[in-house]
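The file my_file_35.cif comes next; it holds mmCIF, C-alpha atoms and all ligand atoms.
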```cif
data_data
#
loop_
_atom_site.label_atom_id
_atom_site.label_comp_id
_atom_site.auth_asym_id
_atom_site.auth_seq_id
_atom_site.Cartn_x
_atom_site.Cartn_y
_atom_site.Cartn_z
CA MET A 1120 97.22 62.23 54.13
CA ASN A 1121 93.49 61.40 53.89
CA THR A 1122 91.67 61.55 50.57
CA PRO A 1123 90.26 65.07 50.20
CA ILE A 1124 86.53 65.58 50.69
CA GLN A 1125 84.89 66.08 47.30
CA LEU A 1126 82.92 69.26 47.97
CA ALA A 1127 80.03 70.79 46.07
CA VAL A 1128 79.37 74.48 46.78
CA HIS A 1129 75.73 75.45 46.19
CA GLY A 1130 75.28 79.17 45.47
CA ALA A 1131 78.94 79.28 44.41
CA ALA A 1132 78.68 82.60 42.54
CA GLY A 1133 77.24 84.47 45.54
CA ARG A 1134 79.05 86.62 48.10
CA MET A 1135 79.35 83.67 50.48
CA GLY A 1136 79.77 80.94 47.86
CA ARG A 1137 82.87 82.65 46.48
CA ARG A 1138 84.51 82.77 49.93
CA VAL A 1139 83.68 79.08 50.50
CA VAL A 1140 85.31 78.22 47.15
CA ALA A 1141 88.39 80.31 48.00
CA LEU A 1142 88.88 78.85 51.49
CA ALA A 1143 88.16 75.26 50.41
CA ALA A 1144 90.65 75.56 47.56
CA ALA A 1145 93.34 76.55 50.09
CA ASP A 1146 92.52 73.60 52.38
CA PRO A 1147 94.14 70.23 51.49
CA ASP A 1148 91.22 68.44 53.18
CA PHE A 1149 88.94 69.58 50.33
CA GLN A 1150 88.76 69.31 46.59
CA ILE A 1151 86.14 71.40 44.82
CA ALA A 1152 84.10 68.83 42.90
CA ALA A 1153 81.40 71.26 41.78
CA ALA A 1154 80.56 74.95 41.92
CA ILE A 1155 76.79 75.05 41.46
CA ASP A 1156 74.58 78.07 40.87
CA HIS A 1157 71.30 78.93 39.16
CA ALA A 1158 71.18 78.20 35.43
CA ASP A 1159 70.38 81.89 34.80
CA ASN A 1160 73.36 83.19 36.76
CA PRO A 1161 75.35 85.40 34.36
CA HIS A 1162 78.63 83.81 35.53
CA GLN A 1163 77.67 80.32 34.30
CA GLY A 1164 80.60 78.76 32.44
CA GLU A 1165 83.25 80.93 34.16
CA ASP A 1166 86.00 79.30 36.19
CA ALA A 1167 84.90 79.06 39.85
CA GLY A 1168 88.40 79.91 41.11
CA SER A 1169 88.71 83.02 38.96
CA LEU A 1170 85.23 84.06 40.08
CA ALA A 1171 86.35 83.69 43.69
CA GLY A 1172 89.44 85.83 43.06
CA ILE A 1173 91.95 82.96 43.28
CA ASN A 1174 93.86 80.93 40.67
CA PRO A 1175 91.70 79.02 38.16
CA LEU A 1176 90.47 75.67 39.53
CA ASN A 1177 89.52 74.06 36.23
CA GLN A 1178 85.97 73.90 37.60
CA THR A 1179 83.44 76.01 35.80
CA LEU A 1180 80.28 77.31 37.43
CA VAL A 1181 77.50 74.83 36.55
CA SER A 1182 73.81 74.30 37.23
CA GLN A 1183 74.00 70.48 36.98
CA TRP A 1184 74.78 68.40 40.06
CA PRO A 1185 77.71 65.98 39.75
CA THR A 1186 77.51 62.37 40.96
CA ALA A 1187 80.69 61.82 43.00
CA ILE A 1188 80.54 64.20 45.98
CA ASP A 1189 81.11 63.74 49.72
CA ALA A 1190 79.56 66.96 51.05
CA VAL A 1191 77.50 69.97 50.00
CA VAL A 1192 77.82 73.46 51.49
CA ASP A 1193 74.83 75.64 50.66
CA PHE A 1194 74.74 79.45 50.81
CA SER A 1195 71.97 80.26 48.33
CA LEU A 1196 68.39 81.53 48.54
CA PRO A 1197 65.25 80.02 50.11
CA GLN A 1198 63.79 79.29 46.67
CA ALA A 1199 66.80 77.06 45.91
CA ILE A 1200 66.57 74.93 49.04
CA ASP A 1201 63.88 72.40 48.10
CA ASP A 1202 65.83 71.26 45.04
CA CYS A 1203 69.10 71.23 47.02
CA ILE A 1204 67.56 68.93 49.66
CA ALA A 1205 66.10 66.65 46.95
CA LYS A 1206 69.47 66.37 45.18
CA CYS A 1207 71.29 65.54 48.44
CA LEU A 1208 68.68 62.94 49.38
CA PHE A 1209 68.99 61.34 45.95
CA ALA A 1210 72.80 61.25 46.12
CA LYS A 1211 72.85 60.49 49.90
CA VAL A 1212 75.31 63.33 50.52
CA PRO A 1213 75.80 65.14 53.86
CA LEU A 1214 74.58 68.71 53.66
CA VAL A 1215 75.47 72.00 55.40
CA VAL A 1216 72.63 74.52 55.07
CA ALA A 1217 73.55 78.13 55.82
CA THR A 1218 70.78 79.86 53.87
CA THR A 1219 68.41 81.93 56.02
CA GLY A 1220 64.80 83.03 55.55
CA LEU A 1221 63.47 79.47 55.13
CA SER A 1222 59.69 78.96 55.38
CA ASP A 1223 58.16 76.71 58.05
CA SER A 1224 57.49 74.06 55.40
CA GLN A 1225 61.13 74.18 54.27
CA LYS A 1226 62.25 73.78 57.89
CA SER A 1227 59.97 70.71 58.12
CA SER A 1228 61.46 69.34 54.87
CA LEU A 1229 64.95 69.73 56.35
CA ALA A 1230 63.92 67.87 59.51
CA LYS A 1231 62.37 65.12 57.37
CA ALA A 1232 65.46 64.89 55.14
CA ALA A 1233 67.62 64.61 58.27
CA GLU A 1234 65.96 61.25 58.99
CA SER A 1235 67.85 59.97 55.94
CA LEU A 1236 70.92 62.26 55.87
CA PRO A 1237 73.34 63.97 58.23
CA ILE A 1238 72.58 67.71 57.97
CA VAL A 1239 74.03 70.75 59.75
CA TRP A 1240 71.67 73.72 59.65
CA ALA A 1241 72.46 77.01 61.37
CA PRO A 1242 71.69 80.67 60.65
CA SER A 1243 75.26 81.58 61.58
CA MET A 1244 78.34 79.43 61.01
CA SER A 1245 80.49 81.89 63.00
CA MET A 1246 82.14 80.63 66.17
CA ALA A 1247 81.89 84.07 67.82
CA VAL A 1248 78.16 84.27 67.11
CA ASN A 1249 77.48 80.77 68.44
CA LEU A 1250 79.49 81.47 71.61
CA SER A 1251 77.60 84.75 72.04
CA MET A 1252 74.31 82.86 71.81
CA LYS A 1253 75.38 80.77 74.79
CA VAL A 1254 76.46 83.91 76.68
CA ALA A 1255 73.11 85.60 75.89
CA GLN A 1256 71.29 82.60 77.34
CA GLN A 1257 73.42 82.73 80.51
CA ILE A 1258 72.81 86.47 80.98
CA THR A 1259 69.06 85.95 80.44
CA GLU A 1260 68.96 83.09 82.92
CA LYS A 1261 70.57 85.28 85.61
CA MET A 1262 68.35 88.26 84.85
CA ALA A 1263 64.92 86.70 84.38
CA GLY A 1264 62.90 87.70 87.40
CA ILE A 1265 65.27 90.52 88.47
CA ALA A 1266 63.63 93.31 90.50
CA GLY A 1267 62.58 96.12 88.14
CA GLY A 1268 62.73 93.81 85.14
CA VAL A 1269 65.00 93.60 82.11
CA ASP A 1270 64.13 94.73 78.57
CA ILE A 1271 65.75 92.60 75.87
CA GLU A 1272 66.13 94.02 72.36
CA ILE A 1273 68.05 92.58 69.41
CA ILE A 1274 69.60 94.96 66.90
CA GLU A 1275 71.11 93.48 63.75
CA ARG A 1276 73.07 95.32 61.06
CA HIS A 1277 73.76 93.93 57.62
CA HIS A 1278 74.78 95.04 54.14
CA ARG A 1279 72.26 96.73 51.86
CA TYR A 1280 71.95 93.64 49.60
CA LYS A 1281 70.55 91.33 52.29
CA ALA A 1282 67.20 89.92 51.20
CA ASP A 1283 65.68 88.72 54.50
CA ALA A 1284 64.89 90.58 57.72
CA PRO A 1285 65.37 90.21 60.55
CA SER A 1286 68.45 88.06 60.08
CA GLY A 1287 68.22 84.35 60.75
CA THR A 1288 70.79 84.91 63.50
CA ALA A 1289 68.67 87.58 65.23
CA LEU A 1290 65.67 85.24 65.18
CA LYS A 1291 67.81 82.43 66.64
CA PHE A 1292 69.13 84.72 69.41
CA GLY A 1293 65.49 85.56 70.22
CA GLU A 1294 64.40 81.91 70.21
CA LEU A 1295 67.27 80.89 72.51
CA ILE A 1296 66.71 83.83 74.88
CA ALA A 1297 62.95 83.09 75.02
CA GLU A 1298 63.78 79.53 76.18
CA LYS A 1299 65.16 81.14 79.36
CA LEU A 1300 62.16 83.41 79.95
CA ALA A 1301 58.66 82.66 81.20
CA ASP A 1302 56.22 81.19 78.67
CA GLY A 1303 54.32 83.65 76.49
CA THR A 1304 57.21 85.83 75.27
CA LYS A 1305 56.06 88.13 72.45
CA HIS A 1306 58.41 88.78 69.54
CA VAL A 1307 57.96 92.43 68.46
CA HIS A 1308 59.40 93.53 65.13
CA GLY A 1309 60.15 97.28 65.13
CA ARG A 1310 57.92 99.91 66.77
CA GLU A 1311 55.95 102.77 65.30
CA GLY A 1312 53.17 105.12 66.36
CA HIS A 1313 51.46 105.20 69.74
CA THR A 1314 52.78 101.88 70.98
CA GLY A 1315 52.09 102.43 74.68
CA GLU A 1316 54.56 101.40 77.34
CA ARG A 1317 56.84 98.49 76.70
CA THR A 1318 55.63 95.31 78.35
CA GLN A 1319 57.95 92.97 80.24
CA ASN A 1320 57.22 89.86 78.22
CA GLU A 1321 58.54 91.03 74.86
CA ILE A 1322 61.75 90.76 72.84
CA GLY A 1323 62.20 93.57 70.29
CA TYR A 1324 63.92 93.09 66.91
CA HIS A 1325 65.43 95.88 64.79
CA ALA A 1326 66.96 95.28 61.34
CA VAL A 1327 69.43 97.91 60.11
CA ARG A 1328 70.64 97.77 56.48
CA VAL A 1329 73.82 99.77 55.90
CA GLY A 1330 76.56 99.67 53.26
CA ASP A 1331 78.69 96.55 53.17
CA ASN A 1332 78.34 95.38 56.79
CA PRO A 1333 79.02 91.59 56.73
CA GLY A 1334 76.92 91.02 59.86
CA GLU A 1335 76.63 92.45 63.36
CA HIS A 1336 74.31 91.61 66.24
CA THR A 1337 73.81 93.55 69.47
CA ILE A 1338 71.71 92.14 72.27
CA VAL A 1339 70.66 94.88 74.68
CA PHE A 1340 69.70 93.94 78.23
CA GLY A 1341 68.22 97.18 79.58
CA MET A 1342 67.48 97.57 83.27
CA LEU A 1343 66.51 100.57 85.40
CA GLY A 1344 69.84 102.31 86.05
CA GLU A 1345 72.19 100.20 83.91
CA LYS A 1346 72.47 98.10 80.77
CA ILE A 1347 74.50 95.34 79.18
CA GLU A 1348 75.15 95.26 75.43
CA LEU A 1349 76.47 92.04 73.95
CA ASN A 1350 77.92 92.87 70.53
CA VAL A 1351 79.27 90.37 68.01
CA ALA A 1352 80.42 91.64 64.63
CA ALA A 1353 82.09 90.09 61.59
CA SER A 1354 84.95 92.00 59.93
CA ASN A 1355 84.52 89.94 56.77
CA ARG A 1356 82.66 86.82 55.57
CA ASP A 1357 85.41 84.27 56.26
CA CYS A 1358 84.10 83.49 59.77
CA TYR A 1359 80.96 82.07 58.11
CA ALA A 1360 82.78 80.30 55.26
CA SER A 1361 85.34 78.64 57.55
CA GLY A 1362 82.56 77.60 59.97
CA ALA A 1363 80.63 75.97 57.13
CA LEU A 1364 83.74 74.10 55.99
CA ALA A 1365 84.38 72.92 59.57
CA ALA A 1366 80.79 71.65 59.60
CA ALA A 1367 81.31 69.79 56.30
CA LYS A 1368 84.38 68.04 57.77
CA TRP A 1369 82.56 67.27 61.04
CA LEU A 1370 79.69 65.66 59.12
CA GLN A 1371 81.92 63.03 57.49
CA GLY A 1372 81.02 59.68 59.00
CA LYS A 1373 78.21 61.13 61.16
CA GLY A 1374 74.86 59.33 61.41
CA ASN A 1375 71.65 60.77 60.02
CA GLY A 1376 70.23 63.69 62.00
CA LEU A 1377 69.68 67.42 62.10
CA TYR A 1378 72.71 69.03 63.75
CA ASN A 1379 73.62 72.66 64.40
CA MET A 1380 76.79 74.66 65.00
CA PHE A 1381 76.59 74.08 68.76
CA ASP A 1382 77.10 70.39 67.93
CA VAL A 1383 79.96 71.13 65.53
CA LEU A 1384 81.70 73.45 68.00
CA GLY A 1385 81.11 71.24 71.04
CA LEU A 1386 78.86 73.85 72.70
CA SER A 1387 75.68 71.75 73.01
N1 LIG B 1 74.60 80.74 58.09
C1 LIG B 1 75.54 81.67 57.89
O1 LIG B 1 76.58 81.71 58.58
C2 LIG B 1 75.34 82.70 56.84
C3 LIG B 1 74.24 82.66 56.07
N2 LIG B 1 74.10 83.53 55.04
C4 LIG B 1 72.95 83.33 54.20
O2 LIG B 1 73.39 82.72 53.00
C5 LIG B 1 72.54 83.10 51.94
C6 LIG B 1 73.38 83.62 50.79
O3 LIG B 1 73.99 84.83 51.14
P1 LIG B 1 74.86 85.65 50.08
O4 LIG B 1 75.96 84.81 49.56
O5 LIG B 1 75.18 86.95 50.71
O6 LIG B 1 73.78 85.88 48.93
P2 LIG B 1 74.02 86.08 47.36
O7 LIG B 1 72.74 86.63 46.83
O8 LIG B 1 75.28 86.82 47.11
O9 LIG B 1 74.22 84.60 46.80
C7 LIG B 1 73.20 83.68 46.59
C8 LIG B 1 73.60 82.82 45.41
O10 LIG B 1 72.63 81.77 45.28
C9 LIG B 1 72.41 81.61 43.89
N3 LIG B 1 71.17 80.91 43.59
C10 LIG B 1 69.92 81.42 43.44
N4 LIG B 1 69.06 80.46 43.09
C11 LIG B 1 69.78 79.30 43.00
C12 LIG B 1 69.46 77.97 42.66
N5 LIG B 1 68.19 77.63 42.35
N6 LIG B 1 70.44 77.06 42.67
C13 LIG B 1 71.71 77.40 42.99
N7 LIG B 1 72.08 78.67 43.30
C14 LIG B 1 71.12 79.60 43.32
C15 LIG B 1 72.43 83.03 43.35
O11 LIG B 1 72.58 83.06 41.93
C16 LIG B 1 73.61 83.60 44.10
O12 LIG B 1 74.83 83.38 43.40
C17 LIG B 1 71.55 84.11 52.52
O13 LIG B 1 70.38 83.43 52.89
C18 LIG B 1 72.26 84.60 53.76
O14 LIG B 1 71.39 85.09 54.75
C19 LIG B 1 75.04 84.47 54.74
C20 LIG B 1 76.15 84.57 55.50
C21 LIG B 1 76.39 83.71 56.64
O1 LIG B 2 73.02 87.70 54.72
C1 LIG B 2 74.06 87.78 55.40
O2 LIG B 2 75.04 88.43 55.04
C2 LIG B 2 74.10 87.06 56.68
N1 LIG B 2 73.09 86.30 56.98
C3 LIG B 2 72.98 85.45 58.10
C4 LIG B 2 71.72 85.74 58.88
O3 LIG B 2 70.68 86.08 58.30
O4 LIG B 2 71.74 85.59 60.11
C5 LIG B 2 74.23 85.35 58.92
C6 LIG B 2 75.14 86.54 58.89
O5 LIG B 2 74.73 87.44 59.87
C7 LIG B 2 75.30 87.16 57.53
#
```

What is this file in structure tokens?
Ligand SMILES: NC(=O)C1=CN([C@@H]2O[C@H](COP(=O)(O)OP(=O)(O)OC[C@H]3O[C@@H](n4cnc5c(N)ncnc54)[C@H](O)[C@@H]3O)[C@@H](O)[C@H]2O)C=CC1
Ligand SMILES: O=C(O)C1=N[C@H](C(=O)O)C[C@H](O)C1
Amino acid sequence: MNTPIQLAVHGAAGRMGRRVVALAAADPDFQIAAAIDHADNPHQGEDAGSLAGINPLNQTLVSQWPTAIDAVVDFSLPQAIDDCIAKCLFAKVPLVVATTGLSDSQKSSLAKAAESLPIVWAPSMSMAVNLSMKVAQQITEKMAGIAGGVDIEIIERHHRYKADAPSGTALKFGELIAEKLADGTKHVHGREGHTGERTQNEIGYHAVRVGDNPGEHTIVFGMLGEKIELNVAASNRDCYASGALAAAKWLQGKGNGLYNMFDVLGLS
């Protein structure tokens, strides 16, 4: 058996961080080397396993970064990302970034850091979502230029606690679909008031926040007389956590560069 990957989970007390801790602890390829969260998190000092609802791991939630780690999986907040990148650069540790809502300057920092580190960055670690992105591109390719036109709208539904809107995944769907449309696509976020008729060169985005929904995306391709709806929905958060862990394994031994889940899943 290979030596387990010494894994640091960044944002370990969060909804996602806890699932990453639980799934990594059940996987012999990993050993939890650190469960990191903000110094002000009220769970600091608690056992990371107990926090994740599994047996104690003898790893308490900490705010300090350890030295001996082989990979970092991050599900935190945009304000935590700059420090996370700096720490990984300093320690030369491969990084999986799952946090959404990053600013343009943070995206540039990630690209810069990827010149010195292998990094996987994706707004959704789910296999079903990444496959659906490819399907959405194929549908768009076939429909662009169709007589009568096609209206493409992206509806995302998430739990009430989500901090960013629209979801990183919805924005990525839109970016990938726009690649298959003529130049000059407008990205329209919600509609209100006397909007006038819908134009043909827009993609609409609608962010729904309801209960405990762990993430659902519907891409509507509306034509005159018929429609296609491509729906991809999580039943729980483990699709994201297991995808991030697959990315952390895939990164071992990889050269520097900014990779995504298409690369990890062989969908590029
Ligand atoms: N790429 C993907 O597949 C997915 C991405 N996400 C994204 O992951 C992020 C986290 O989502 P949730 O777990 O639901 O949020 P959450 O709010 O439950 O957890 C965030 C955690 O980050 C911690 N944190 C805040 N500042 C920190 C710092 N400076 N250092 C370390 N930890 C810090 C918080 O204390 C909290 O425990 C969001 O951006 C979300 O959109 C969520 C699910 C899937
Ligand atoms: O915050 C969440 O929960 C999720 N966020 C990601 C996003 O913004 O796309 C991925 C997933 O949909 C869950």

Residue neighbourhood Ala1143 (chain A), 12 Å, all atoms listed in the file, exclusion window fewer than 2 positions, as a ChimeraX atom specification:
/A:1123-1128,1131,1136-1141,1145-1154,1167-1168,1171,1173,1176,1190-1192,1357,1360-1365,1367-1368

Neighbours of ligand LIG 2 (chain B) within 9 Å, counting only C-alpha atoms and all ligand atoms, as a ChimeraX atom specification?
/A:1134-1135,1217-1220,1241-1245,1248,1275-1278,1280-1291,1332-1336,1352-1353,1356,1359

So, with only C-alpha atoms as the atoms that count, which of A:Gly1303, A:Phe1381, A:Leu1295, A:Val1216 lies closest to Phe1194 (chain A)?
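Under the stated criterion, the closest residue is A:Val1216.
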
Å distance separating CA of Leu1300 (chain A) from CA of Phe1340 (chain A), one decimal place:
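According to the coordinates, CA of Leu1300 (chain A) and CA of Phe1340 (chain A) are separated by 13.1 Å.
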
Go through A:Leu1384, A:Ala1144, A:Leu1343, A:Ile1322 one by one, measure the shortest atom-to-atom distance of each to Ala1266 (chain A) using all atoms listed in the file, and give the residue with the smallest value.
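Among A:Leu1384, A:Ala1144, A:Leu1343, A:Ile1322, it is A:Leu1343 that comes nearest to Ala1266 (chain A).
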
Which one of A:Ile1273, A:Val1383, A:Leu1214, A:Val1307 sits closest to Ala1232 (chain A) if you count only C-alpha atoms?
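Closest to Ala1232 (chain A) of all the choices is A:Leu1214.
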
Starting from the incomplete input, reconstruct N, CA and C atoms of region 1212-1231 of chain A and write that as a CSV table (one decimal), in the coordinates of the input.
```
chain,number,residue,atom,x,y,z
A,1212,VAL,N,74.1,62.5,50.2
A,1212,VAL,CA,75.3,63.3,50.5
A,1212,VAL,C,75.0,64.2,51.7
A,1213,PRO,N,75.9,64.2,52.7
A,1213,PRO,CA,75.8,65.1,53.9
A,1213,PRO,C,75.7,66.6,53.4
A,1214,LEU,N,74.9,67.4,54.1
A,1214,LEU,CA,74.6,68.7,53.7
A,1214,LEU,C,74.8,69.7,54.8
A,1215,VAL,N,75.4,70.9,54.5
A,1215,VAL,CA,75.5,72.0,55.4
A,1215,VAL,C,74.6,73.1,54.8
A,1216,VAL,N,73.5,73.5,55.5
A,1216,VAL,CA,72.6,74.5,55.1
A,1216,VAL,C,72.9,75.8,55.9
A,1217,ALA,N,73.3,76.8,55.2
A,1217,ALA,CA,73.6,78.1,55.8
A,1217,ALA,C,72.5,79.2,55.4
A,1218,THR,N,71.8,78.9,54.4
A,1218,THR,CA,70.8,79.9,53.9
A,1218,THR,C,69.7,80.2,54.9
A,1219,THR,N,69.4,81.5,55.0
A,1219,THR,CA,68.4,81.9,56.0
A,1219,THR,C,67.1,82.3,55.3
A,1220,GLY,N,66.1,82.6,56.1
A,1220,GLY,CA,64.8,83.0,55.6
A,1220,GLY,C,64.0,81.9,55.1
A,1221,LEU,N,64.2,80.6,55.6
A,1221,LEU,CA,63.5,79.5,55.1
A,1221,LEU,C,62.0,79.5,55.7
A,1222,SER,N,61.1,79.0,54.9
A,1222,SER,CA,59.7,79.0,55.4
A,1222,SER,C,59.5,77.8,56.4
A,1223,ASP,N,58.4,77.8,57.1
A,1223,ASP,CA,58.2,76.7,58.0
A,1223,ASP,C,58.1,75.4,57.3
A,1224,SER,N,57.6,75.3,56.1
A,1224,SER,CA,57.5,74.1,55.4
A,1224,SER,C,58.9,73.6,55.0
A,1225,GLN,N,59.8,74.6,54.6
A,1225,GLN,CA,61.1,74.2,54.3
A,1225,GLN,C,61.9,73.7,55.5
A,1226,LYS,N,61.6,74.3,56.7
A,1226,LYS,CA,62.2,73.8,57.9
A,1226,LYS,C,61.8,72.3,58.2
A,1227,SER,N,60.5,72.1,57.9
A,1227,SER,CA,60.0,70.7,58.1
A,1227,SER,C,60.6,69.7,57.1
A,1228,SER,N,60.8,70.2,55.9
A,1228,SER,CA,61.5,69.3,54.9
A,1228,SER,C,62.9,69.0,55.3
A,1229,LEU,N,63.6,70.0,55.9
A,1229,LEU,CA,65.0,69.7,56.4
A,1229,LEU,C,64.9,68.7,57.4
A,1230,ALA,N,64.0,68.8,58.4
A,1230,ALA,CA,63.9,67.9,59.5
A,1230,ALA,C,63.6,66.5,59.0
A,1231,LYS,N,62.7,66.4,58.0
A,1231,LYS,CA,62.4,65.1,57.4
A,1231,LYS,C,63.6,64.5,56.7
```
